[in-house]
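Written below as structure tokens is the structure these notes are about.
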Amino acid sequence: MMLQTTKRALRRFLLEKQFLLQPPEECASSAEAMRQRVLDMIRHLECVQIDPVSAVRPNQHLTLAARIDGYEPAILNELLRKNEVFEYLANAACVIPMEDYPIFEPTRRRLQQRVQPHIDMISTIAEQVLHKLENEGPLPAKSFESNQRVHGYWDNVNAKTKATSHALNLLTDAAQIRIVGREGNQRLFDVTRRSVPVELLQQAERIDKAKALEAMMQKFFRAYRVFEPSDPRFGWQSLSAKERREAIDQHVKSGEIVQVLVEGLNKHYYILASDMERLSAQEDEGRARAIENEAELPVHFLPPLDNLLWSRQRLADLFDFNYRWEIYTPAVKRKYGYYAMPILAGDRLIGRMDPRLDTKLGRLTVQLLQIEPEIDYTDGLRESVQRALESFAYLHGAKTVSVEQCTYR
């Protein structure tokens with residue numbers, strides 16, 4: 001079976017599933033209701049990517065704040081402390097609902113095999129770290145003292161890491177310990193057997209590998225919603241190109257996913273069969289909203305690792321928007337700024353803004369507000385973006401916002 005649709009309908013469907021088609025949900029009436037709303041959002045998105053870089057706030061907090069009005073980082077930290085979510089590798093390092101812990105067992109075993117030789121090289125230190133956590137945990141990395149420096153497998157030839165920090169990272173990858181809280185930039189560690197519910201640990205021990213991998217594939221489908229097999233992260237299982245194509249064919253034949261032919265594209269995307277009705281609804285909705293009041297458009301500023309941005313090719317195909325995170329680009333070669341955040345206005349990506357937050361002065365500075373050349377930056381659209389900037393600043397604790405440079409046609 002093959003569906004035919006337009007770029008606009010497919011991207012509106014995707015935005016709806018990402019909770020980005022409308023303004024952020026209104027804040028909850030109580031702390032408990034807000035905590036539940038954040039947990040429900042993580043469940044709906046399937047996972048939220050973690051990154052420590054913080055031009056304003058880290059990626060995981062900006063992702064949630066774009067979707068939930070009144071969101072505060074303390075809420076996610078509380079969910080982590082209460083073991084309602086866990087951190088591990090999905091799309092990359094992510095916050096994941098705790099009930100999914102068992103299906104990640106194949107991933108854990110794969111990583112354990114990869115890092116065990118590195119753990120063996122510093123076995124004495126690793127054992128000391130485990131012993132201290134057993135007796136005193138949860139503990140931050142600064143609680144572990146070591147004068148020894150080693151080469152981490154992520155270090156370049158000249159870099160060296162404190163041996164205990166290296167051990168903490170390796171043991172986390174191997175799932176012997178896990179991150180159970182965050183205090184600023186400090187991660188709190190504890191042994192896994194004490195911080196994961198017993199029934200989930202038992203399920204992980206008993207789970208059939210094939211069933212776990214299929215559950216992971218289904219989780220990937222729900223997280224991406226619009227997907228195709230050329231993405232090397234397809235299924236979050238390190239599959240070859242051939243294996244990815246075979247997985248697509250298998251799920252098409254089973255009727256779980258359907259092929260989508262998009263007007264103007266020479267490639268196919270896929271969606272869950274259960275999402276066909278919502279895609280059809282967006283085709284009708286998109287036609288009804290052909291003319292919109294730009295002064296009332298919902299505007300979101302998306303962090304570089306937001307769920308919507310996971311596939312750069314999908315952005316180019318559906319939004320006609322080319323995005324590159326320039327954090328690793330030398331400063332003199334950057335075009336938009338090292339933390340340039342895509343600007344979503346309605347169902348279009350219209351440009352980027354590169355923010356810096358000064359928490360001491362309570363000031364948000366936008367070093368560059370860039371609007372794509374083909375966008376007609378009308379007074380109404382400018383009004384929507386300015387209002388969104390003021391809301392963004394307020395949400396993140398800034399009393400004032402200023403734009404140093406603005407480029408538009």
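Simple scheme: letters A, B, ... for chains in structure tokens order, numbers from 1 for residues in each chain, numbers from 1 for ligands in the order shown.
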>> Could you list, as a ChimeraX atom specification, every residue within 7 Å of A:Leu80, counting only C-alpha atoms and ignoring same-chain residues fewer than 6 positions away?
In response: /A:86,180-181
Could you save those same residues with all heavy atoms as an mmCIF file, in the first residue's frame?
data_model
loop_
_atom_site.group_PDB
_atom_site.id
_atom_site.type_symbol
_atom_site.label_atom_id
_atom_site.label_comp_id
_atom_site.auth_asym_id
_atom_site.auth_seq_id
_atom_site.Cartn_x
_atom_site.Cartn_y
_atom_site.Cartn_z
ATOM 1 N N PHE A 86 15.282 7.197 32.952
ATOM 2 C CA PHE A 86 16.694 6.846 33.050
ATOM 3 C C PHE A 86 17.427 7.406 31.836
ATOM 4 O O PHE A 86 16.808 7.766 30.827
ATOM 5 C CB PHE A 86 16.888 5.330 33.155
ATOM 6 C CG PHE A 86 16.570 4.537 31.911
ATOM 7 C CD1 PHE A 86 17.580 4.037 31.100
ATOM 8 C CD2 PHE A 86 15.245 4.267 31.547
ATOM 9 C CE1 PHE A 86 17.291 3.299 29.959
ATOM 10 C CE2 PHE A 86 14.951 3.519 30.416
ATOM 11 C CZ PHE A 86 15.979 3.040 29.605
ATOM 12 N N VAL A 180 21.707 9.061 38.331
ATOM 13 C CA VAL A 180 20.431 9.090 39.054
ATOM 14 C C VAL A 180 20.023 10.506 39.443
ATOM 15 O O VAL A 180 19.024 10.701 40.135
ATOM 16 C CB VAL A 180 20.500 8.202 40.313
ATOM 17 C CG1 VAL A 180 20.701 6.746 39.930
ATOM 18 C CG2 VAL A 180 21.604 8.665 41.267
ATOM 19 N N GLY A 181 20.780 11.500 39.002
ATOM 20 C CA GLY A 181 20.438 12.876 39.317
ATOM 21 C C GLY A 181 21.456 13.823 38.724
ATOM 22 O O GLY A 181 22.558 13.411 38.333
#
> What is the distance, in Å and to one decimal place, between atom CA of A:Gly137 and atom CA of A:Asp190?
Replying inline: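 Distance reported for this atom pair: 5.3 Å.
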Might you pull out every residue within 9 Å of A:Phe13, with only C-alpha atoms counted and same-chain residues fewer than 6 positions away left off, and present them as an mmCIF file with N, CA and C atoms, in the first residue's frame?
data_model
loop_
_atom_site.group_PDB
_atom_site.id
_atom_site.type_symbol
_atom_site.label_atom_id
_atom_site.label_comp_id
_atom_site.auth_asym_id
_atom_site.auth_seq_id
_atom_site.Cartn_x
_atom_site.Cartn_y
_atom_site.Cartn_z
ATOM 1 N N LEU A 21 2.893 21.984 16.608
ATOM 2 C CA LEU A 21 2.013 22.648 15.658
ATOM 3 C C LEU A 21 1.217 23.769 16.323
ATOM 4 N N ARG A 225 8.207 8.981 13.659
ATOM 5 C CA ARG A 225 6.904 9.151 13.015
ATOM 6 C C ARG A 225 6.982 9.227 11.492
ATOM 7 N N VAL A 226 7.957 9.932 10.960
ATOM 8 C CA VAL A 226 8.193 9.995 9.517
ATOM 9 C C VAL A 226 9.640 9.580 9.321
ATOM 10 N N ASP A 275 -1.134 5.802 11.902
ATOM 11 C CA ASP A 275 -1.096 7.257 11.769
ATOM 12 C C ASP A 275 -1.741 7.758 10.475
ATOM 13 N N ARG A 278 -4.481 10.481 10.862
ATOM 14 C CA ARG A 278 -4.021 11.820 11.233
ATOM 15 C C ARG A 278 -3.337 12.520 10.069
ATOM 16 N N LEU A 279 -2.641 11.759 9.225
ATOM 17 C CA LEU A 279 -2.046 12.371 8.041
ATOM 18 C C LEU A 279 -3.135 12.887 7.110
ATOM 19 N N SER A 280 -4.170 12.102 6.918
ATOM 20 C CA SER A 280 -5.286 12.546 6.080
ATOM 21 C C SER A 280 -5.941 13.798 6.654
ATOM 22 N N ALA A 281 -6.069 13.846 7.970
ATOM 23 C CA ALA A 281 -6.665 15.016 8.622
ATOM 24 C C ALA A 281 -5.818 16.258 8.375
ATOM 25 N N GLN A 282 -4.492 16.104 8.361
ATOM 26 C CA GLN A 282 -3.629 17.253 8.125
ATOM 27 C C GLN A 282 -3.689 17.720 6.683
ATOM 28 N N GLU A 283 -3.984 16.828 5.760
ATOM 29 C CA GLU A 283 -4.187 17.260 4.373
ATOM 30 C C GLU A 283 -5.371 18.212 4.298
#
> Would you give me, as a VMD selection string, the residues in stretch 198-276 of chain A that DSSP reads as alpha helix (DSSP H)?
Replying inline: chain A and resid 198 to 206 209 to 224 241 to 253 276
> How would you write, as a VMD selection string, the set of residues in stretch 31-106 of chain A that DSSP gives as strand (DSSP E)?
Replying inline: chain A and resid 48 to 49 85 to 89 93 to 97
The selected residues should be written to file as a compact mmCIF listing (two decimals), in the first residue's frame (atoms: N, CA, C and O atoms).
# COMPACT_ATOMS: atom_id res chain seq x y z
N VAL A 48 14.18 12.00 24.99
CA VAL A 48 14.63 13.37 24.74
C VAL A 48 16.15 13.38 24.84
O VAL A 48 16.71 12.89 25.83
N GLN A 49 16.81 13.94 23.85
CA GLN A 49 18.27 13.88 23.79
C GLN A 49 18.91 14.82 24.80
O GLN A 49 18.46 15.94 25.03
N VAL A 85 12.54 8.08 35.12
CA VAL A 85 13.20 8.08 33.81
C VAL A 85 14.63 7.60 34.03
O VAL A 85 15.13 7.58 35.16
N PHE A 86 15.28 7.20 32.95
CA PHE A 86 16.69 6.85 33.05
C PHE A 86 17.43 7.41 31.84
O PHE A 86 16.81 7.77 30.83
N GLU A 87 18.74 7.52 31.94
CA GLU A 87 19.56 8.04 30.87
C GLU A 87 20.35 6.90 30.24
O GLU A 87 21.03 6.16 30.94
N TYR A 88 20.24 6.79 28.92
CA TYR A 88 21.02 5.78 28.21
C TYR A 88 20.99 6.12 26.72
O TYR A 88 20.42 7.13 26.31
N LEU A 89 21.60 5.26 25.90
CA LEU A 89 21.72 5.53 24.47
C LEU A 89 20.48 5.08 23.72
O LEU A 89 20.11 3.90 23.76
N ALA A 93 22.72 9.90 23.64
CA ALA A 93 22.41 9.90 25.07
C ALA A 93 21.06 10.59 25.27
O ALA A 93 20.88 11.74 24.85
N CYS A 94 20.12 9.88 25.89
CA CYS A 94 18.75 10.39 25.99
C CYS A 94 18.16 10.13 27.38
O CYS A 94 18.62 9.24 28.10
N VAL A 95 17.13 10.91 27.71
CA VAL A 95 16.26 10.63 28.85
C VAL A 95 15.13 9.75 28.32
O VAL A 95 14.48 10.10 27.33
N ILE A 96 14.90 8.62 28.99
CA ILE A 96 13.96 7.60 28.51
C ILE A 96 13.03 7.20 29.65
O ILE A 96 13.48 7.09 30.80
N PRO A 97 11.75 6.95 29.39
CA PRO A 97 10.86 6.48 30.47
C PRO A 97 11.37 5.18 31.08
O PRO A 97 11.81 4.28 30.36
Give me, as an mmCIF file with N, CA and C atoms, in the first residue's frame, all polymer residues having an atom no more than 12 Å from A:Arg114, counting only C-alpha atoms and skipping those fewer than 3 positions away in the same chain.
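Result went into result31.cif, see below:
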data_model
loop_
_atom_site.group_PDB
_atom_site.id
_atom_site.type_symbol
_atom_site.label_atom_id
_atom_site.label_comp_id
_atom_site.auth_asym_id
_atom_site.auth_seq_id
_atom_site.Cartn_x
_atom_site.Cartn_y
_atom_site.Cartn_z
ATOM 1 N N THR A 107 21.113 -3.392 23.784
ATOM 2 C CA THR A 107 22.022 -2.247 23.676
ATOM 3 C C THR A 107 23.047 -2.281 24.794
ATOM 4 N N ARG A 108 22.578 -2.577 26.000
ATOM 5 C CA ARG A 108 23.511 -2.637 27.134
ATOM 6 C C ARG A 108 24.557 -3.729 26.931
ATOM 7 N N ARG A 109 24.129 -4.876 26.452
ATOM 8 C CA ARG A 109 25.076 -5.975 26.248
ATOM 9 C C ARG A 109 26.080 -5.631 25.159
ATOM 10 N N ARG A 110 25.622 -4.964 24.116
ATOM 11 C CA ARG A 110 26.531 -4.564 23.046
ATOM 12 C C ARG A 110 27.576 -3.586 23.566
ATOM 13 N N LEU A 111 27.139 -2.614 24.367
ATOM 14 C CA LEU A 111 28.082 -1.640 24.914
ATOM 15 C C LEU A 111 29.003 -2.274 25.948
ATOM 16 N N PRO A 117 37.041 -4.273 27.676
ATOM 17 C CA PRO A 117 38.508 -4.222 27.630
ATOM 18 C C PRO A 117 39.082 -2.959 28.259
ATOM 19 N N HIS A 118 38.362 -1.838 28.111
ATOM 20 C CA HIS A 118 38.818 -0.582 28.710
ATOM 21 C C HIS A 118 38.667 -0.624 30.231
ATOM 22 N N ILE A 119 37.590 -1.248 30.718
ATOM 23 C CA ILE A 119 37.409 -1.407 32.163
ATOM 24 C C ILE A 119 38.509 -2.297 32.732
ATOM 25 N N ASP A 120 38.841 -3.364 32.018
ATOM 26 C CA ASP A 120 39.881 -4.284 32.485
ATOM 27 C C ASP A 120 41.230 -3.579 32.639
ATOM 28 N N TYR A 153 38.721 6.579 25.723
ATOM 29 C CA TYR A 153 38.578 6.209 24.318
ATOM 30 C C TYR A 153 37.979 7.330 23.485
ATOM 31 N N LEU A 170 32.907 4.618 31.849
ATOM 32 C CA LEU A 170 32.909 3.251 31.341
ATOM 33 C C LEU A 170 31.860 2.395 32.050
ATOM 34 N N LEU A 171 31.785 2.521 33.355
ATOM 35 C CA LEU A 171 30.822 1.726 34.127
ATOM 36 C C LEU A 171 29.385 2.138 33.810
ATOM 37 N N ASP A 173 28.426 3.283 30.745
ATOM 38 C CA ASP A 173 28.167 2.652 29.443
ATOM 39 C C ASP A 173 27.867 1.165 29.613
ATOM 40 N N ALA A 174 28.573 0.537 30.548
ATOM 41 C CA ALA A 174 28.385 -0.899 30.782
ATOM 42 C C ALA A 174 27.162 -1.197 31.633
#
> Between A:Arg37, A:His300, A:Arg182, A:Lys132, which one has atoms that come closest to A:Ala74, using only C-alpha atoms?
Replying inline: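 That would be A:Arg182, the residue with the smallest distance to A:Ala74.
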> Neighbours of A:Ala212 within 8 Å (only C-alpha atoms; same-chain residues fewer than 5 positions away dropped), as a PyMOL selection string?
Replying inline: chain A and resi 102-106+207
